[in-house]
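Take a look at the structure set out below.
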Amino acid sequence: MNHFNIEDWTDYVRGVSNPELRELMDAHRAAGCARCERRVDILARLNATARSEKTVEVPDHLVRSALALFASQSSHYEERRSSVPARMVFDSFMQPLAAGFRGQQRVSRQVLYQAEGYSLDLRIEQERDSSQLLVVGQVFDRARPHAPIGHVPVLLLSGPRLVLRIDSNDFGEFQLQYEPTSPLSLHLPIPETLTNIEVNLAAFSQDDEQPGSQQLIQ
Ligand SMILES: [Zn+2]
């Protein structure tokens, strides 16, 4: 489930989100995400209280819930930082063995990127009869490979437009599935250091000029 961040939900309950995003968020709610519904509930009540009476004190438990929500995500850090383009340092398709896998039902490609002190391990998979790519990734600090960086936001962008956003788990692992129809990039803003790792996914886009070929291959 791809959740939305707290700033987005705040705009949402105040009715000031951009319509495109609002539509996605409505769909997310309609899909029944309990985590986001809880946020909406708290933020909506907070918003209603703030509107109804400025002198009325917001109930303590509501303030605590709201603070906890905001603490879990610092504010708009994605925009404040500059991106560090990640450099590909390993690609399994460059290995001699790779050709032997091309006839298989599922094509899997392993790539390793580096950006500043971070490494990003990606496995990109595609079923022969599917146009979707599955990306399984893990981000880690090269100086401390055994101390995982958890809860890194992972943003999939098409140009400047946000396609989806997820958070990595406690171990910095994440998984996403997408249709590689437009030039896409992955952005991983590391919370502690303000480094925004940027990975150009163009290398994994479809190549319609080669019908029958495995589209994961450039
Ligand atoms: Zn959600």
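Residue numbering restarts at 1 in every chain; chains get A, B, ... in the order shown in the structure tokens, and ligands count up from 1 in that same order.
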
Exercise answer, 7 Å around ligand 1 with only C-alpha atoms and all ligand atoms, as an MDAnalysis selection string: chainID A and resid 1:4 28 33:36

Which of segment 94-175 of chain A fall in strand (DSSP E), as a ChimeraX atom specification: /A:106-115,118-127,133-141,153-158,161-167,173-175

Surrounding residues of Leu156 of chain A excluding itself and chain neighbours under 4 positions, 9 Å, only C-alpha atoms, as number ranges by chain: A: 161-166, 184-187

Next, the residues of the selection above should be written as a tab-separated table (two decimals), in the first residue's frame with N, CA and C atoms.
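Contents of the output file part-v3.tsv:
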chain	number	residue	atom	x	y	z
A	161	ARG	N	6.24	15.04	-11.88
A	161	ARG	CA	4.98	14.57	-11.32
A	161	ARG	C	5.18	13.32	-10.47
A	162	LEU	N	4.59	13.34	-9.28
A	162	LEU	CA	4.68	12.20	-8.38
A	162	LEU	C	3.72	11.11	-8.84
A	163	VAL	N	4.26	9.93	-9.14
A	163	VAL	CA	3.42	8.81	-9.57
A	163	VAL	C	3.00	8.00	-8.36
A	164	LEU	N	3.97	7.69	-7.52
A	164	LEU	CA	3.61	7.02	-6.26
A	164	LEU	C	4.69	7.23	-5.23
A	165	ARG	N	4.29	7.06	-3.99
A	165	ARG	CA	5.21	7.24	-2.90
A	165	ARG	C	4.99	6.11	-1.89
A	166	ILE	N	6.09	5.49	-1.49
A	166	ILE	CA	6.00	4.48	-0.45
A	166	ILE	C	7.11	4.77	0.56
A	184	LEU	N	10.88	7.65	-16.15
A	184	LEU	CA	10.63	7.70	-14.71
A	184	LEU	C	11.93	7.78	-13.93
A	185	SER	N	11.83	8.32	-12.75
A	185	SER	CA	12.99	8.34	-11.86
A	185	SER	C	12.55	8.01	-10.44
A	186	LEU	N	13.47	7.44	-9.70
A	186	LEU	CA	13.24	7.12	-8.29
A	186	LEU	C	13.97	8.15	-7.45
A	187	HIS	N	13.33	8.62	-6.39
A	187	HIS	CA	13.98	9.56	-5.49
A	187	HIS	C	13.90	9.01	-4.07

Using only C-alpha atoms: which of A:Glu173, A:Glu179, A:Asp167, A:Asp41 has the shortest distance to Leu201 of chain A: A:Glu179

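Using only C-alpha atoms, the protein and nucleic acid residues lying no more than 7 Å from Ile124 of chain A, apart from those fewer than 4 places from it along its own chain, are Ser108, Arg109, Gln110, Leu133, Leu134, Val135 and Val136 of chain A.
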
Could the residues in this selection be written to a file with N, CA and C atoms, as a tab-separated table (two decimals), in the first residue's frame?
chain	number	residue	atom	x	y	z
A	108	SER	N	14.96	-11.18	-14.74
A	108	SER	CA	15.34	-10.49	-13.53
A	108	SER	C	16.70	-9.83	-13.73
A	109	ARG	N	16.79	-8.59	-13.35
A	109	ARG	CA	18.03	-7.84	-13.55
A	109	ARG	C	18.43	-7.21	-12.21
A	110	GLN	N	19.67	-7.42	-11.87
A	110	GLN	CA	20.17	-6.90	-10.59
A	110	GLN	C	21.12	-5.74	-10.87
A	133	LEU	N	6.72	-3.60	-14.46
A	133	LEU	CA	8.00	-3.95	-13.85
A	133	LEU	C	7.83	-4.02	-12.34
A	134	LEU	N	8.46	-5.01	-11.75
A	134	LEU	CA	8.48	-5.11	-10.30
A	134	LEU	C	9.88	-4.73	-9.84
A	135	VAL	N	9.96	-3.77	-8.94
A	135	VAL	CA	11.26	-3.33	-8.44
A	135	VAL	C	11.33	-3.64	-6.95
A	136	VAL	N	12.35	-4.41	-6.58
A	136	VAL	CA	12.59	-4.70	-5.18
A	136	VAL	C	13.92	-4.06	-4.83

Residue nearest Asp170 of chain A - candidates A:Phe90, A:Ser158, A:Pro189, A:Ala147, atoms counted: only C-alpha atoms: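 Closest residue, counting only C-alpha atoms: A:Ala147.
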